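Here is the structure we will look at, set down as structure tokens.
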Amino acid sequence: MPLTRLDITDFRNLASIKIEPISTGFNVFYGLNGSGKTSMLEAIYYLGLGRSFRSTIIGRIIRNSTEKFLIFAHGGASHDQTISIGIERLLRGEMKIRIGGKDARSAAELAGITPVQLINSHCYNLLDAGPVFRRKYLDWGVFYLNQDFLRVWRDCIQILKQRNAALRRQRPKKELDSWTEELVSKAALMDRFRRDYMERLQPILSETLSELISISGLNTSYYPGWDKTANYRDILEASFDKDRLIGHTQFGPHRADLKITINKIPAKDILSRGQQKLFVCAMILAQGALLNTGANKKPIYLIDDLPAELDIVSRTNLIALLSKQETQIFVTAVEFESLGDALSRFPLRMFHVEHGNVTEVRR
Ligand SMILES: Nc1ncnc2c1ncn2[C@@H]1O[C@H](COP(=O)(O)OP(=O)(O)OP(=O)(O)O)[C@@H](O)[C@H]1O
Ligand SMILES: [Mg+2]
């Protein structure tokens, strides 16, 4: 759901912002270092997910010397079909979320309305950090395409907690049988959800990648969290003594990963920084495309410092690819000129960010 009006009060250095973003196309925030560009993206992200991508400490996010922040937006496919969403957070900790004039019970309700995809310098983690980042990526996609995913995943986490607690208490193997059986059945479901998702994503990812970079010998394979050629129950059986020794379950859906290699070598060891950025963008855009075809939803893209690390051809290709998705995109750049030519063919709204003030600039 695109945002057609956005009001931000006392969020980071943004005291009072009121803008009307373009629903389909590029909204560009440009301005000097420290002006408030990333804070604009952070506020939109907060509205989409009820949390920040920079800090979990609320006092860091609320504007200095103020007591609360408020983010409010109108969203909808068209102006006559709008819904209002708002989030307020107090320094004392309370959070109030309103959706369509009613109190929402949790931030999870926000995520259902506005899928947000963030691309920033942390996205390199998808390639060069641990499996947790790739698992989150995978599960973001599965969550929107499969209504059962969240329930099964929560069950899995609960069962693992119980099983691990019993392992730590050195309980006899027989006592763990019921947890192990439950884990085996939930793990099979998780594996099916994730595998199905990857089967749908892979062709879209290949196509998206081919529009951004040419890499031969690329392989993206899904790892369920245990040797997929073996039976999961047998693996749990064989690893029981070691599990008990270390006090947790070594193999399972909580260890799922995507193995990304080029000619069998990890992609992070081969790709240049710019190529890594393009690769990660392709991964995220492919998810957006699948969200559209698979769940009839379009994500809002937030891209911090789009020009960074990319040459002019890559910027142009990335922008063209984004525009094909006909969705709402927010990007930041220090200088508008670094994007100007590449954006000129597409629907665009420009906002100059200066000392925490945001003004629309008309061409
Ligand atoms: N709680 C807060 N209250 C007031 N100002 C804050 C708060 N937290 C951060 N700031 C300031 O907000 C300013 C804007 O930060 P932001 O990260 O949005 O800048 P930016 O425009 O993205 O800069 P860059 O181009 O360097 O990435 C910074 O000067 C920062 O010190
Ligand atoms: Mg920034």
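In the structure tokens, each chain is lettered A, B, ... as it comes, each chain's residues begin at 1, and ligands are numbered from 1 in order of appearance.
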**Study point:** Leu212 in chain A environment, 10 Å, only C-alpha atoms, sequence neighbours closer than 5 positions dropped, as a PyMOL selection string
**Key:** chain A and resi 207+275+278-279+281-282+313-318+320-321
Preceding selection exported with N, CA and C atoms as an mmCIF file, in the first residue's frame:
```cif
data_model
loop_
_atom_site.group_PDB
_atom_site.id
_atom_site.type_symbol
_atom_site.label_atom_id
_atom_site.label_comp_id
_atom_site.auth_asym_id
_atom_site.auth_seq_id
_atom_site.Cartn_x
_atom_site.Cartn_y
_atom_site.Cartn_z
ATOM 1 N N GLU A 207 16.419 -14.057 -13.485
ATOM 2 C CA GLU A 207 16.052 -13.046 -14.470
ATOM 3 C C GLU A 207 16.454 -11.645 -13.977
ATOM 4 N N GLN A 275 29.447 -5.100 -7.190
ATOM 5 C CA GLN A 275 28.728 -6.306 -7.644
ATOM 6 C C GLN A 275 27.917 -6.918 -6.500
ATOM 7 N N LEU A 278 24.774 -4.946 -6.196
ATOM 8 C CA LEU A 278 23.819 -5.293 -7.251
ATOM 9 C C LEU A 278 23.187 -6.656 -6.981
ATOM 10 N N PHE A 279 24.003 -7.569 -6.495
ATOM 11 C CA PHE A 279 23.511 -8.914 -6.201
ATOM 12 C C PHE A 279 22.418 -8.857 -5.127
ATOM 13 N N CYS A 281 20.662 -6.265 -4.228
ATOM 14 C CA CYS A 281 19.484 -5.571 -4.770
ATOM 15 C C CYS A 281 18.636 -6.544 -5.592
ATOM 16 N N ALA A 282 19.310 -7.380 -6.396
ATOM 17 C CA ALA A 282 18.561 -8.355 -7.212
ATOM 18 C C ALA A 282 17.792 -9.317 -6.308
ATOM 19 N N VAL A 313 26.105 3.236 -15.147
ATOM 20 C CA VAL A 313 25.341 2.202 -15.872
ATOM 21 C C VAL A 313 24.552 1.349 -14.869
ATOM 22 N N SER A 314 25.217 0.979 -13.782
ATOM 23 C CA SER A 314 24.541 0.152 -12.773
ATOM 24 C C SER A 314 23.390 0.905 -12.117
ATOM 25 N N ARG A 315 23.612 2.190 -11.830
ATOM 26 C CA ARG A 315 22.517 2.995 -11.248
ATOM 27 C C ARG A 315 21.318 3.027 -12.185
ATOM 28 N N THR A 316 21.611 3.243 -13.463
ATOM 29 C CA THR A 316 20.536 3.343 -14.457
ATOM 30 C C THR A 316 19.786 2.012 -14.555
ATOM 31 N N ASN A 317 20.528 0.915 -14.579
ATOM 32 C CA ASN A 317 19.878 -0.408 -14.666
ATOM 33 C C ASN A 317 19.022 -0.691 -13.439
ATOM 34 N N LEU A 318 19.559 -0.339 -12.273
ATOM 35 C CA LEU A 318 18.822 -0.596 -11.028
ATOM 36 C C LEU A 318 17.535 0.234 -10.996
ATOM 37 N N ALA A 320 15.881 1.408 -13.556
ATOM 38 C CA ALA A 320 14.938 0.895 -14.563
ATOM 39 C C ALA A 320 14.209 -0.343 -14.032
ATOM 40 N N LEU A 321 14.954 -1.182 -13.348
ATOM 41 C CA LEU A 321 14.381 -2.415 -12.808
ATOM 42 C C LEU A 321 13.354 -2.113 -11.706
#
```
Exercise for review: Within 10 Å of ligand 1, which residues show up when you count only C-alpha atoms and all ligand atoms? List them as an MDAnalysis selection string, please.
Suggested key: chainID A and resid 10:15 29:43 54:55 58:66 69 304:305 332:335 353:356
Could you please take those selected residues and save C-alpha atoms as an mmCIF file, in the first residue's frame?
```
data_model
loop_
_atom_site.group_PDB
_atom_site.id
_atom_site.type_symbol
_atom_site.label_atom_id
_atom_site.label_comp_id
_atom_site.auth_asym_id
_atom_site.auth_seq_id
_atom_site.Cartn_x
_atom_site.Cartn_y
_atom_site.Cartn_z
ATOM 1 C CA ASP A 10 9.892 14.518 16.672
ATOM 2 C CA PHE A 11 11.597 11.533 15.072
ATOM 3 C CA ARG A 12 15.434 11.857 15.215
ATOM 4 C CA ASN A 13 16.215 15.375 13.937
ATOM 5 C CA LEU A 14 12.857 15.653 12.126
ATOM 6 C CA ALA A 15 10.709 18.016 14.224
ATOM 7 C CA PHE A 29 15.379 12.706 -0.436
ATOM 8 C CA TYR A 30 18.623 14.550 -1.079
ATOM 9 C CA GLY A 31 20.761 16.742 1.114
ATOM 10 C CA LEU A 32 24.020 17.040 2.971
ATOM 11 C CA ASN A 33 25.423 14.585 5.491
ATOM 12 C CA GLY A 34 23.516 14.698 8.747
ATOM 13 C CA SER A 35 20.513 16.510 7.221
ATOM 14 C CA GLY A 36 17.979 13.755 8.024
ATOM 15 C CA LYS A 37 17.684 11.569 4.901
ATOM 16 C CA THR A 38 18.203 8.207 6.576
ATOM 17 C CA SER A 39 15.908 9.365 9.384
ATOM 18 C CA MET A 40 13.135 9.818 6.800
ATOM 19 C CA LEU A 41 13.571 6.209 5.654
ATOM 20 C CA GLU A 42 13.811 5.051 9.249
ATOM 21 C CA ALA A 43 10.472 6.732 10.051
ATOM 22 C CA ARG A 54 19.133 1.465 13.519
ATOM 23 C CA SER A 55 18.330 1.210 17.198
ATOM 24 C CA ILE A 58 13.602 4.358 21.989
ATOM 25 C CA GLY A 59 15.425 7.290 23.615
ATOM 26 C CA ARG A 60 17.838 7.359 20.660
ATOM 27 C CA ILE A 61 15.003 7.709 18.177
ATOM 28 C CA ILE A 62 12.726 10.259 19.807
ATOM 29 C CA ARG A 63 13.979 13.773 19.040
ATOM 30 C CA ASN A 64 16.276 15.098 21.748
ATOM 31 C CA SER A 65 14.484 16.951 24.557
ATOM 32 C CA THR A 66 11.047 15.693 23.487
ATOM 33 C CA PHE A 69 7.438 10.693 18.345
ATOM 34 C CA ASP A 304 19.496 4.497 1.428
ATOM 35 C CA ASP A 305 22.242 6.121 -0.605
ATOM 36 C CA THR A 332 18.225 8.969 -0.620
ATOM 37 C CA ALA A 333 21.320 10.537 -2.116
ATOM 38 C CA VAL A 334 23.672 13.261 -0.995
ATOM 39 C CA GLU A 335 23.426 15.013 -4.359
ATOM 40 C CA VAL A 353 16.381 17.671 3.232
ATOM 41 C CA GLU A 354 18.141 20.386 5.207
ATOM 42 C CA HIS A 355 18.731 20.501 8.988
ATOM 43 C CA GLY A 356 15.764 18.223 9.662
#
```
Exercise for review: Go ahead and compute the interatomic distance for CA of Glu211 in chain A and CA of Gly141 in chain A, in Å to one decimal.
Suggested key: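 Separating CA of Glu211 in chain A from CA of Gly141 in chain A is a distance of 21.2 Å.
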Exercise for review: Taking the chain letters and numbering used in this document, name the residues of range 128-302 of chain A that DSSP puts in strand (DSSP E), as a PyMOL selection string.
Suggested key: chain A and resi 218-223+257-262+265-266+300-302
Would you tabulate, counting only C-alpha atoms, all residues of range 176-255 of chain A that have an atom at most 12 Å from an atom of range 150-164 of chain A, showing the closest pair of atoms and their distance in Å to one decimal, sorted by chain then ascending number, as a tab-separated table?
```
residue	atom	partner	partner_atom	distance
A:Leu176	CA	A:Arg163	CA	6.6
A:Asp177	CA	A:Arg163	CA	9.3
A:Ser178	CA	A:Arg163	CA	9.2
A:Trp179	CA	A:Arg163	CA	5.8
A:Thr180	CA	A:Arg163	CA	7.3
A:Glu181	CA	A:Ile159	CA	9.9
A:Glu182	CA	A:Ile159	CA	7.3
A:Leu183	CA	A:Ile159	CA	6.4
A:Val184	CA	A:Cys156	CA	9.5
A:Ser185	CA	A:Cys156	CA	9.4
A:Lys186	CA	A:Cys156	CA	6.2
A:Ala187	CA	A:Cys156	CA	7.2
A:Ala188	CA	A:Val152	CA	10.3
A:Leu189	CA	A:Val152	CA	7.6
A:Met190	CA	A:Trp153	CA	7.0
A:Asp191	CA	A:Trp153	CA	10.6
A:Arg192	CA	A:Val152	CA	11.4
A:Phe193	CA	A:Val152	CA	9.9
A:Arg194	CA	A:Trp153	CA	11.1
A:Leu236	CA	A:Arg163	CA	11.5
A:Phe240	CA	A:Asn164	CA	11.1
A:Asp243	CA	A:Asn164	CA	8.4
A:Arg244	CA	A:Asn164	CA	8.3
A:Leu245	CA	A:Asn164	CA	10.9
A:Ile246	CA	A:Asn164	CA	9.6
A:Gly247	CA	A:Asn164	CA	6.1
A:His248	CA	A:Asn164	CA	4.7
A:Thr249	CA	A:Asn164	CA	6.3
A:Gln250	CA	A:Asn164	CA	9.8
A:Phe251	CA	A:Leu160	CA	10.5
A:Gly252	CA	A:Leu160	CA	9.0
A:Pro253	CA	A:Cys156	CA	8.0
A:His254	CA	A:Ile157	CA	7.8
A:Arg255	CA	A:Ile157	CA	11.6
```
**Study point:** Given only C-alpha atoms and all ligand atoms as the counted atoms, nearest of A:Ser121, A:Thr208, A:Thr82, A:Thr261 to ligand 2
**Key:** A:Ser121
Point to revise | Proximity to ligand 2 - best of A:Thr220, A:Ser210, A:Asn231, A:Asn120, only C-alpha atoms and all ligand atoms | key: A:Asn120
Practice item. Per DSSP on the backbone, filter range 143-316 of chain A down to the residues in helix (DSSP H, G or I) and report them as a PyMOL selection string. Key: chain A and resi 143-145+149-168+173-212+232-238+240-246+253-255+267-269+273-295+312-316
Take the residues from that selection and put them in a file with C-alpha atoms, as a compact mmCIF listing (two decimals), in the first residue's frame.
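Now in selection-v6.txt:
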```
# COMPACT_ATOMS: atom_id res chain seq x y z
CA PHE A 143 5.60 -15.02 5.54
CA TYR A 144 3.76 -13.02 2.88
CA LEU A 145 3.06 -15.99 0.62
CA PHE A 149 4.18 -19.99 8.09
CA LEU A 150 4.15 -17.72 11.15
CA ARG A 151 2.16 -20.16 13.28
CA VAL A 152 4.35 -23.15 12.37
CA TRP A 153 7.55 -21.16 12.89
CA ARG A 154 6.42 -19.98 16.33
CA ASP A 155 5.56 -23.59 17.23
CA CYS A 156 9.02 -24.67 16.09
CA ILE A 157 10.73 -22.07 18.28
CA GLN A 158 8.64 -23.13 21.25
CA ILE A 159 9.42 -26.83 20.75
CA LEU A 160 13.12 -26.11 20.35
CA LYS A 161 13.10 -24.12 23.59
CA GLN A 162 11.54 -27.04 25.46
CA ARG A 163 13.82 -29.61 23.88
CA ASN A 164 16.94 -27.54 24.54
CA ALA A 165 15.91 -26.99 28.17
CA ALA A 166 15.52 -30.76 28.61
CA LEU A 167 18.92 -31.33 26.96
CA ARG A 168 20.53 -28.88 29.36
CA LYS A 173 16.61 -39.58 25.93
CA LYS A 174 13.17 -41.16 26.35
CA GLU A 175 11.87 -38.04 28.05
CA LEU A 176 12.71 -36.01 24.99
CA ASP A 177 10.94 -38.31 22.54
CA SER A 178 7.73 -36.29 22.40
CA TRP A 179 9.61 -33.00 21.73
CA THR A 180 11.73 -34.72 19.12
CA GLU A 181 8.65 -36.13 17.34
CA GLU A 182 6.96 -32.72 17.31
CA LEU A 183 10.11 -31.10 16.03
CA VAL A 184 10.39 -33.62 13.21
CA SER A 185 6.83 -32.92 12.08
CA LYS A 186 7.11 -29.10 12.25
CA ALA A 187 10.55 -29.17 10.62
CA ALA A 188 9.07 -31.05 7.67
CA LEU A 189 6.47 -28.31 7.24
CA MET A 190 9.02 -25.50 7.55
CA ASP A 191 11.21 -27.26 5.02
CA ARG A 192 8.32 -27.58 2.59
CA PHE A 193 7.31 -23.90 2.94
CA ARG A 194 10.85 -22.64 2.43
CA ARG A 195 11.69 -25.07 -0.38
CA ASP A 196 8.48 -24.20 -2.27
CA TYR A 197 9.28 -20.53 -1.85
CA MET A 198 12.81 -20.92 -3.19
CA GLU A 199 11.53 -22.91 -6.15
CA ARG A 200 9.29 -20.00 -7.06
CA LEU A 201 11.92 -17.37 -6.33
CA GLN A 202 14.88 -18.87 -8.17
CA PRO A 203 13.75 -18.22 -11.77
CA ILE A 204 12.74 -14.65 -10.86
CA LEU A 205 16.09 -14.13 -9.15
CA SER A 206 17.98 -15.38 -12.21
CA GLU A 207 16.05 -13.05 -14.47
CA THR A 208 16.50 -10.06 -12.13
CA LEU A 209 20.20 -10.75 -11.78
CA SER A 210 20.68 -10.96 -15.51
CA GLU A 211 19.40 -7.38 -15.82
CA LEU A 212 21.93 -6.10 -13.30
CA TYR A 232 15.88 -35.54 9.84
CA ARG A 233 14.76 -37.99 12.56
CA ASP A 234 17.90 -40.08 11.97
CA ILE A 235 20.05 -36.95 12.20
CA LEU A 236 18.50 -36.00 15.55
CA GLU A 237 19.07 -39.55 16.76
CA ALA A 238 22.71 -39.56 15.65
CA PHE A 240 21.67 -36.69 20.43
CA ASP A 241 24.77 -37.22 22.60
CA LYS A 242 26.50 -34.15 21.22
CA ASP A 243 23.26 -32.11 21.52
CA ARG A 244 23.08 -33.03 25.18
CA LEU A 245 26.73 -32.22 25.71
CA ILE A 246 26.42 -28.71 24.24
CA PRO A 253 14.89 -25.43 10.71
CA HIS A 254 16.49 -22.84 13.01
CA ARG A 255 19.71 -23.47 11.07
CA ALA A 267 30.03 -15.37 -3.72
CA LYS A 268 31.28 -12.94 -1.07
CA ASP A 269 34.86 -14.05 -1.80
CA ARG A 273 31.71 -4.36 -3.53
CA GLY A 274 29.58 -2.85 -6.30
CA GLN A 275 28.73 -6.31 -7.64
CA GLN A 276 27.74 -7.38 -4.14
CA LYS A 277 25.39 -4.43 -3.89
CA LEU A 278 23.82 -5.29 -7.25
CA PHE A 279 23.51 -8.91 -6.20
CA VAL A 280 21.77 -8.03 -2.95
CA CYS A 281 19.48 -5.57 -4.77
CA ALA A 282 18.56 -8.36 -7.21
CA MET A 283 17.74 -10.67 -4.29
CA ILE A 284 15.48 -8.07 -2.72
CA LEU A 285 13.82 -6.95 -5.93
CA ALA A 286 13.15 -10.57 -6.90
CA GLN A 287 11.27 -10.99 -3.61
CA GLY A 288 9.26 -7.87 -4.39
CA ALA A 289 8.33 -9.24 -7.81
CA LEU A 290 7.24 -12.56 -6.31
CA LEU A 291 5.24 -10.78 -3.61
CA ASN A 292 3.34 -9.03 -6.38
CA THR A 293 2.61 -12.13 -8.47
CA GLY A 294 2.18 -14.50 -5.52
CA ALA A 295 0.29 -12.38 -2.97
CA ILE A 312 26.31 5.25 -13.79
CA VAL A 313 25.34 2.20 -15.87
CA SER A 314 24.54 0.15 -12.77
CA ARG A 315 22.52 2.99 -11.25
CA THR A 316 20.54 3.34 -14.46
```
Check your understanding: Of the candidates A:Asn296, A:Asp7, A:Pro2, A:Arg134, which one gets nearest to Phe26 in chain A if we count only C-alpha atoms?
Key ->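 Residue with the minimum atom-to-atom distance to Phe26 in chain A: A:Pro2.
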Check your understanding: For Ser338 in chain A, which residue among A:Ala108, A:Leu306, A:Phe133, A:Gln170 is the nearest when counting only C-alpha atoms?
Key ->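 For Ser338 in chain A, the nearest of the candidates is A:Leu306.
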Review point. If we count only C-alpha atoms, what is near Arg135 in chain A at a cut-off of 10 Å, once residues fewer than 2 positions away on the same chain are taken out, given as number ranges by chain?
Key: A: 126, 130-133, 137-140, 194, 222-224, 253-258
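Between ligand 2 and the residues A:Ala308, A:Leu6, A:Ile113, A:Ile19, the shortest atom-to-atom distance, using only C-alpha atoms and all ligand atoms, involves A:Ala308.
Between CA of Ile262 in chain A and CA of Asn219 in chain A the interatomic distance comes to 6.1 Å.
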Point to revise | Distance criterion (only C-alpha atoms and all ligand atoms): nearest to ligand 2 out of A:Val361, A:Ser214, A:Leu302, A:Phe346 | key: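 Closest to ligand 2, using only C-alpha atoms and all ligand atoms: A:Leu302.
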